[in-house]
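> Let me give you the structure first, and then I'll get to my questions.
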Number of protein chains: 2
Amino acid sequence: MTTLVDVAKKANVSKMTVSRVINHPDKVTDELKQLVYEAMRELDYHPNVIAKALANNSTRIIKLCILEDIDTTEPYYMNLMIGIAKTLDLHQYSLQLVTRNNFDIGNCDGYIITGMRESDVEWIKKLKKPVVMFGENRYGFDYVDTNNKSGTYILSQLALKKGYERLIYVGIDSKESFEYSRESGYLQQVQEKRMMPELHRFGNHSHLAEEFVEKNWDNITKNTAFICASDRLAIGIERGISRCGGKIPEDYGVTGFDGVFLNQVASPKITTIKQSIIEMGSACGENLLDKIVTEDKQGALIFEPKVNLGGTLRV
Amino acid sequence: MTTLVDVAKKANVSKMTVSRVINHPDKVTDELKQLVYEAMRELDYHPNVIAKALANNSTRIIKLCILEDIDTTEPYYMNLMIGIAKTLDLHQYSLQLVTRNNFDIGNCDGYIITGMRESDVEWIKKLKKPVVMFGENRYGFDYVDTNNKSGTYILSQLALKKGYERLIYVGIDSKESFEYSRESGYLQQVQEKRMMPELHRFGNHSHLAEEFVEKNWDNITKNTAFICASDRLAIGIERGISRCGGKIPEDYGVTGFDGVFLNQVASPKITTIKQSIIEMGSACGENLLDKIVTEDKQGALIFEPKVNLGGTLRV
DNA sequence: GTTTAATTTGTTACCGATAACACATCAGAT
DNA sequence: ATCTGATGTGTTATCGGTAACAAATTAAAC
């Protein structure tokens, strides 16, 4: 492999000049820069990242910290990892998967954290390296997420446009930030239309939503659409309605949130918000690397949601 | 962070001794070793991988080279990557995904290659860094794979045990090694039982298998089981039989190979061979890292197949 | 009881980059 | 013409390890 010194010799300059051409090109005259660029091209020079890392005493390791259980049937975390890894690899960083237990083993240059709860805030604040969260939060941490509020807002709007006259929100029984945002998207739409909000919350399991429909079937008038905070709940609602003999999408509408794997087995497919986890993962990585280089706050990076039309709303 | 020198001072030895305690402990007296170990423990010393890499002029990068098209709906490659990454991360190596095009950009310590064709053999032989293949081959490259032959052998055996009296093999129309192995597993079982082998080959698409069943329905006697070389073909066979009014598993049996995602949407689920791609990926990584350290040939690492019972064979 | 060889430890140079400092060079100010 | 200060370039030390060699100690051989 060719090194700085090889290039320096060829260009008749010191290796420091070559280094400067790479890192601080404004501090070198155009004349020398040309010479150096040419030498680099001729020798097909690629900087040695390892040496660079040692000189800057960095590790080129990013830790991905998943603070909730990994449900392996969902490609969610895999997609996230793929997305992050894509970006990191590009910059010759490597990804390390950690949990709460093996968290502080070994050094790193930064953290990507997902699944944070309120109780995690304290120790996260104490981390000495840059952090980017995956998933919105209200503690001032930089994050990447879908626009959760906008998602339910759009789906509610869509349901109304399709002629459903009653909107019931089916949320997740959790105090996490994304849930509040999804609720508020529904609420905003409902208020704009001066409708009566109806909210229910359950653990994120399809059978709970299914039970809910079956128990309350008498009160569920025709022409109602259910705006659900997750595909899982939506699938439960869908099954409940089918069981009770309701017709989707003619008499009842259902929308979900996520666009993940599970939906592939629903029939009809749920109309939902599609999140490109891979893209968001990439963005997460880029954000973090930026932060490592510039040491700046990145703020929130919010992806506008895309509706994935299924068969649970009228055409 | 504490360094070699810190440990050396604390233990009253030279840093070289500390380095030796780590890398060549047999060349240091027990007395000094004890001192050094103690110092390392007290100072919570963790070697700096970056410095190590620089000194050894290694890159800590492994290239994963996928030589076939990536079907993103299948979690196959994701699982493979997860598996590999798991191992590599553990050893602070990073994974770089490359294709034929960007293959020789940048240096690396080793390669994991999958989807090799015959035409790739030449350039792979010329690589100067250790290589491990994912998927069997007959060119002497080290590899990791499921025992393909054993898989079809076992499924054929199982089908016979369940009372099916005729076994038809449905293979993939390809000259790749795994296909030959799967065929030979079927053939061995059939020959042991002194049955008449019946083989057919198609491109790996479900509709081709489906067509085959429909066109030949008259010749497909009851009590026949189809041993398929992939889940995709198996799904096609299953659909074909259903269309023609055949009953699975009462009158007809079907087995697949892979245990991948697609199977989740089949009804009834295919009885198939389950491959733990993640585990195999990990093994691939370990094999390669071993090879990098020892410079030895690793040979083949073959995973014994596990049958995943679905509903396409009698109970 | 030397001589020789083997074992153990320390010294030095080096891996390939960067930062901090030192040294030219040249413009403008006095 | 000399003195400043800005700018561009080269020198040196350093990051945290390892290999190769040198030195010191110990053991074995004659």
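FYI, nothing fancy with the structure tokens labels: chains A, B, ... in order, residues from 1 per chain, ligands from 1 as they appear.
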Once you count only C-alpha atoms, which residues of chain B turn out to be within 9 Å of chain A? Could you give them as a PyMOL selection string?
chain B and resi 1+46+48-51+53-54+57-61+75+78-79+81-82+85-86+89-90+92-97+105-107+264-265
> Residues of chain C no more than 10 Å from chain A, counting only C-alpha atoms (C1' of nucleotides): send them over as a count of residues only.
5
> Enumerate as a PDB file with all heavy atoms, in the first residue's frame the residues belonging to chain D that approach chain B to within 7 Å, with only C-alpha atoms (C1' of nucleotides) taken into account.

ATOM      1  P    DG D  16      -2.436   6.790  23.787  1.00  0.00           P
ATOM      2  OP1  DG D  16      -3.776   6.831  24.405  1.00  0.00           O
ATOM      3  OP2  DG D  16      -1.266   7.281  24.523  1.00  0.00           O
ATOM      4  O5'  DG D  16      -2.125   5.290  23.363  1.00  0.00           O
ATOM      5  C5'  DG D  16      -3.136   4.535  22.723  1.00  0.00           C
ATOM      6  C4'  DG D  16      -2.543   3.235  22.257  1.00  0.00           C
ATOM      7  O4'  DG D  16      -1.483   3.516  21.312  1.00  0.00           O
ATOM      8  C3'  DG D  16      -1.895   2.407  23.369  1.00  0.00           C
ATOM      9  O3'  DG D  16      -2.278   1.061  23.181  1.00  0.00           O
ATOM     10  C2'  DG D  16      -0.411   2.596  23.130  1.00  0.00           C
ATOM     11  C1'  DG D  16      -0.389   2.691  21.605  1.00  0.00           C
ATOM     12  N9   DG D  16       0.800   3.312  21.049  1.00  0.00           N
ATOM     13  C8   DG D  16       1.623   4.242  21.632  1.00  0.00           C
ATOM     14  N7   DG D  16       2.626   4.599  20.871  1.00  0.00           N
ATOM     15  C5   DG D  16       2.461   3.864  19.711  1.00  0.00           C
ATOM     16  C6   DG D  16       3.246   3.831  18.530  1.00  0.00           C
ATOM     17  O6   DG D  16       4.262   4.459  18.265  1.00  0.00           O
ATOM     18  N1   DG D  16       2.710   2.944  17.586  1.00  0.00           N
ATOM     19  C2   DG D  16       1.581   2.196  17.778  1.00  0.00           C
ATOM     20  N2   DG D  16       1.215   1.409  16.767  1.00  0.00           N
ATOM     21  N3   DG D  16       0.838   2.216  18.880  1.00  0.00           N
ATOM     22  C4   DG D  16       1.332   3.065  19.803  1.00  0.00           C
ATOM     23  P    DG D  17      -2.093  -0.019  24.318  1.00  0.00           P
ATOM     24  OP1  DG D  17      -3.323  -0.122  25.066  1.00  0.00           O
ATOM     25  OP2  DG D  17      -0.820   0.229  25.018  1.00  0.00           O
ATOM     26  O5'  DG D  17      -1.961  -1.326  23.421  1.00  0.00           O
ATOM     27  C5'  DG D  17      -0.723  -1.920  23.209  1.00  0.00           C
ATOM     28  C4'  DG D  17      -0.422  -1.997  21.728  1.00  0.00           C
ATOM     29  O4'  DG D  17       0.142  -0.729  21.332  1.00  0.00           O
ATOM     30  C3'  DG D  17       0.627  -3.033  21.380  1.00  0.00           C
ATOM     31  O3'  DG D  17      -0.022  -4.247  21.051  1.00  0.00           O
ATOM     32  C2'  DG D  17       1.342  -2.434  20.175  1.00  0.00           C
ATOM     33  C1'  DG D  17       1.069  -0.935  20.289  1.00  0.00           C
ATOM     34  N9   DG D  17       2.261  -0.142  20.592  1.00  0.00           N
ATOM     35  C8   DG D  17       2.556   0.532  21.748  1.00  0.00           C
ATOM     36  N7   DG D  17       3.674   1.200  21.686  1.00  0.00           N
ATOM     37  C5   DG D  17       4.153   0.954  20.410  1.00  0.00           C
ATOM     38  C6   DG D  17       5.335   1.409  19.772  1.00  0.00           C
ATOM     39  O6   DG D  17       6.204   2.148  20.210  1.00  0.00           O
ATOM     40  N1   DG D  17       5.442   0.901  18.485  1.00  0.00           N
ATOM     41  C2   DG D  17       4.522   0.068  17.880  1.00  0.00           C
ATOM     42  N2   DG D  17       4.784  -0.317  16.639  1.00  0.00           N
ATOM     43  N3   DG D  17       3.422  -0.352  18.460  1.00  0.00           N
ATOM     44  C4   DG D  17       3.296   0.122  19.718  1.00  0.00           C
ATOM     45  P    DT D  18       0.778  -5.620  21.252  1.00  0.00           P
ATOM     46  OP1  DT D  18      -0.168  -6.716  21.047  1.00  0.00           O
ATOM     47  OP2  DT D  18       1.569  -5.527  22.490  1.00  0.00           O
ATOM     48  O5'  DT D  18       1.818  -5.593  20.035  1.00  0.00           O
ATOM     49  C5'  DT D  18       1.329  -5.692  18.704  1.00  0.00           C
ATOM     50  C4'  DT D  18       2.519  -5.755  17.765  1.00  0.00           C
ATOM     51  O4'  DT D  18       3.302  -4.544  17.921  1.00  0.00           O
ATOM     52  C3'  DT D  18       3.450  -6.922  18.059  1.00  0.00           C
ATOM     53  O3'  DT D  18       3.676  -7.631  16.860  1.00  0.00           O
ATOM     54  C2'  DT D  18       4.711  -6.285  18.596  1.00  0.00           C
ATOM     55  C1'  DT D  18       4.668  -4.874  18.025  1.00  0.00           C
ATOM     56  N1   DT D  18       5.295  -3.844  18.891  1.00  0.00           N
ATOM     57  C2   DT D  18       6.316  -3.081  18.389  1.00  0.00           C
ATOM     58  O2   DT D  18       6.752  -3.225  17.262  1.00  0.00           O
ATOM     59  N3   DT D  18       6.818  -2.154  19.260  1.00  0.00           N
ATOM     60  C4   DT D  18       6.405  -1.907  20.556  1.00  0.00           C
ATOM     61  O4   DT D  18       6.942  -1.038  21.236  1.00  0.00           O
ATOM     62  C5   DT D  18       5.326  -2.734  21.022  1.00  0.00           C
ATOM     63  C7   DT D  18       4.792  -2.559  22.410  1.00  0.00           C
ATOM     64  C6   DT D  18       4.824  -3.659  20.188  1.00  0.00           C
TER      65       DT D  18
END
> Quick one: residues within 12 Å of DA23 (chain D), only C-alpha atoms (C1' of nucleotides), excluding same-chain residues fewer than 3 positions away - as a PyMOL selection string?
chain C and resi 8-11
> Would you pick out the contacts of region 236-251 of chain B at 7 Å or less, using only C-alpha atoms (C1' of nucleotides), so that residues sharing its chain but fewer than 3 positions from it are not included, and give the list as a VMD selection string?
chain B and resid 206 to 207 209 to 211 213 to 214 222 to 223 232 to 233 254 311 to 314
> Can you check which residues of region 86-215 of chain B DSSP gives as strand (DSSP E) on the backbone and send them as a ChimeraX atom specification?
/B:94-98,110-114,131-134,143-146,166-172,198-202
> Got a sec: who's within 12 Å of DA6 (chain D), counting only C-alpha atoms (C1' of nucleotides), leaving out chain neighbours fewer than 4 positions off, as a count of residues only?
4
> Could you pull out the helix (DSSP H, G or I) residues of region 111-282 of chain A from DSSP and send them as a PyMOL selection string?
chain A and resi 118-126+148-161+177-192+206-215+217-219+231-243+261-265+277-282
> Go ahead and compute the interatomic distance for CA of Met195 (chain A) and CA of Val307 (chain A), in Å to one decimal.
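If I compute the distance from CA of Met195 (chain A) to CA of Val307 (chain A), I get 22.9 Å.
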> Applying 6 Å and only C-alpha atoms (C1' of nucleotides), which residues near region 225-229 of chain A remain after dropping the ones on its own chain fewer than 4 positions away? List them as a PyMOL selection string.
chain A and resi 164+167-171+234+252-257
> Can you spit out the residues from that selection as a PDB file, in the first residue's frame, using N, CA, C and O atoms?

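Resulting contents of result-v1.pdb:
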ATOM      1  N   TYR A 164     -65.856   7.914   6.005  1.00  0.00           N
ATOM      2  CA  TYR A 164     -66.154   7.388   7.336  1.00  0.00           C
ATOM      3  C   TYR A 164     -66.529   8.563   8.229  1.00  0.00           C
ATOM      4  O   TYR A 164     -65.923   9.627   8.155  1.00  0.00           O
ATOM      5  N   LEU A 167     -64.439   8.447  13.960  1.00  0.00           N
ATOM      6  CA  LEU A 167     -63.047   8.015  14.062  1.00  0.00           C
ATOM      7  C   LEU A 167     -62.743   7.601  15.488  1.00  0.00           C
ATOM      8  O   LEU A 167     -62.868   8.396  16.413  1.00  0.00           O
ATOM      9  N   ILE A 168     -62.343   6.349  15.659  1.00  0.00           N
ATOM     10  CA  ILE A 168     -61.957   5.883  16.993  1.00  0.00           C
ATOM     11  C   ILE A 168     -60.455   5.641  16.996  1.00  0.00           C
ATOM     12  O   ILE A 168     -59.928   4.965  16.111  1.00  0.00           O
ATOM     13  N   TYR A 169     -59.786   6.205  17.978  1.00  0.00           N
ATOM     14  CA  TYR A 169     -58.339   6.021  18.072  1.00  0.00           C
ATOM     15  C   TYR A 169     -58.027   4.843  18.986  1.00  0.00           C
ATOM     16  O   TYR A 169     -58.554   4.740  20.087  1.00  0.00           O
ATOM     17  N   VAL A 170     -57.175   3.962  18.507  1.00  0.00           N
ATOM     18  CA  VAL A 170     -56.765   2.807  19.310  1.00  0.00           C
ATOM     19  C   VAL A 170     -55.262   2.916  19.550  1.00  0.00           C
ATOM     20  O   VAL A 170     -54.463   2.714  18.642  1.00  0.00           O
ATOM     21  N   GLY A 171     -54.913   3.299  20.768  1.00  0.00           N
ATOM     22  CA  GLY A 171     -53.513   3.600  21.058  1.00  0.00           C
ATOM     23  C   GLY A 171     -52.817   2.531  21.875  1.00  0.00           C
ATOM     24  O   GLY A 171     -53.424   1.552  22.303  1.00  0.00           O
ATOM     25  N   ALA A 234     -53.995  -2.770  14.722  1.00  0.00           N
ATOM     26  CA  ALA A 234     -54.878  -2.694  13.555  1.00  0.00           C
ATOM     27  C   ALA A 234     -55.303  -4.091  13.108  1.00  0.00           C
ATOM     28  O   ALA A 234     -56.468  -4.325  12.761  1.00  0.00           O
ATOM     29  N   TYR A 252     -66.549  -0.463   7.574  1.00  0.00           N
ATOM     30  CA  TYR A 252     -65.589  -0.090   8.615  1.00  0.00           C
ATOM     31  C   TYR A 252     -64.213   0.131   8.005  1.00  0.00           C
ATOM     32  O   TYR A 252     -63.829  -0.587   7.076  1.00  0.00           O
ATOM     33  N   GLY A 253     -63.528   1.098   8.527  1.00  0.00           N
ATOM     34  CA  GLY A 253     -62.165   1.358   8.061  1.00  0.00           C
ATOM     35  C   GLY A 253     -61.176   1.072   9.177  1.00  0.00           C
ATOM     36  O   GLY A 253     -61.510   1.149  10.361  1.00  0.00           O
ATOM     37  N   VAL A 254     -59.969   0.719   8.813  1.00  0.00           N
ATOM     38  CA  VAL A 254     -58.913   0.482   9.806  1.00  0.00           C
ATOM     39  C   VAL A 254     -57.604   1.027   9.247  1.00  0.00           C
ATOM     40  O   VAL A 254     -57.290   0.821   8.077  1.00  0.00           O
ATOM     41  N   THR A 255     -56.851   1.725  10.074  1.00  0.00           N
ATOM     42  CA  THR A 255     -55.499   2.126   9.650  1.00  0.00           C
ATOM     43  C   THR A 255     -54.510   1.759  10.746  1.00  0.00           C
ATOM     44  O   THR A 255     -54.858   1.712  11.924  1.00  0.00           O
ATOM     45  N   GLY A 256     -53.300   1.481  10.326  1.00  0.00           N
ATOM     46  CA  GLY A 256     -52.267   1.080  11.283  1.00  0.00           C
ATOM     47  C   GLY A 256     -51.113   2.060  11.294  1.00  0.00           C
ATOM     48  O   GLY A 256     -51.244   3.201  10.863  1.00  0.00           O
ATOM     49  N   PHE A 257     -50.006   1.606  11.794  1.00  0.00           N
ATOM     50  CA  PHE A 257     -48.806   2.444  11.826  1.00  0.00           C
ATOM     51  C   PHE A 257     -47.584   1.549  11.887  1.00  0.00           C
ATOM     52  O   PHE A 257     -47.455   0.764  12.811  1.00  0.00           O
TER      53      PHE A 257
END
> Please, what distance in Å, to one decimal, runs between CA of Cys284 (chain B) and CA of Ile124 (chain B)?
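Result for CA of Cys284 (chain B) versus CA of Ile124 (chain B): 16.8 Å, one decimal.
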> Give me, as a ChimeraX atom specification, all polymer residues having an atom no more than 10 Å from DG8 (chain D), counting only C-alpha atoms (C1' of nucleotides) and skipping those fewer than 6 positions away in the same chain.
/A:17,27-29 /C:24-25
> When you draw a straight line from CA of Lys306 (chain A) to CA of Gly151 (chain A), how long is it in Å?
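Calculated distance between CA of Lys306 (chain A) and CA of Gly151 (chain A) is 7.7 Å.
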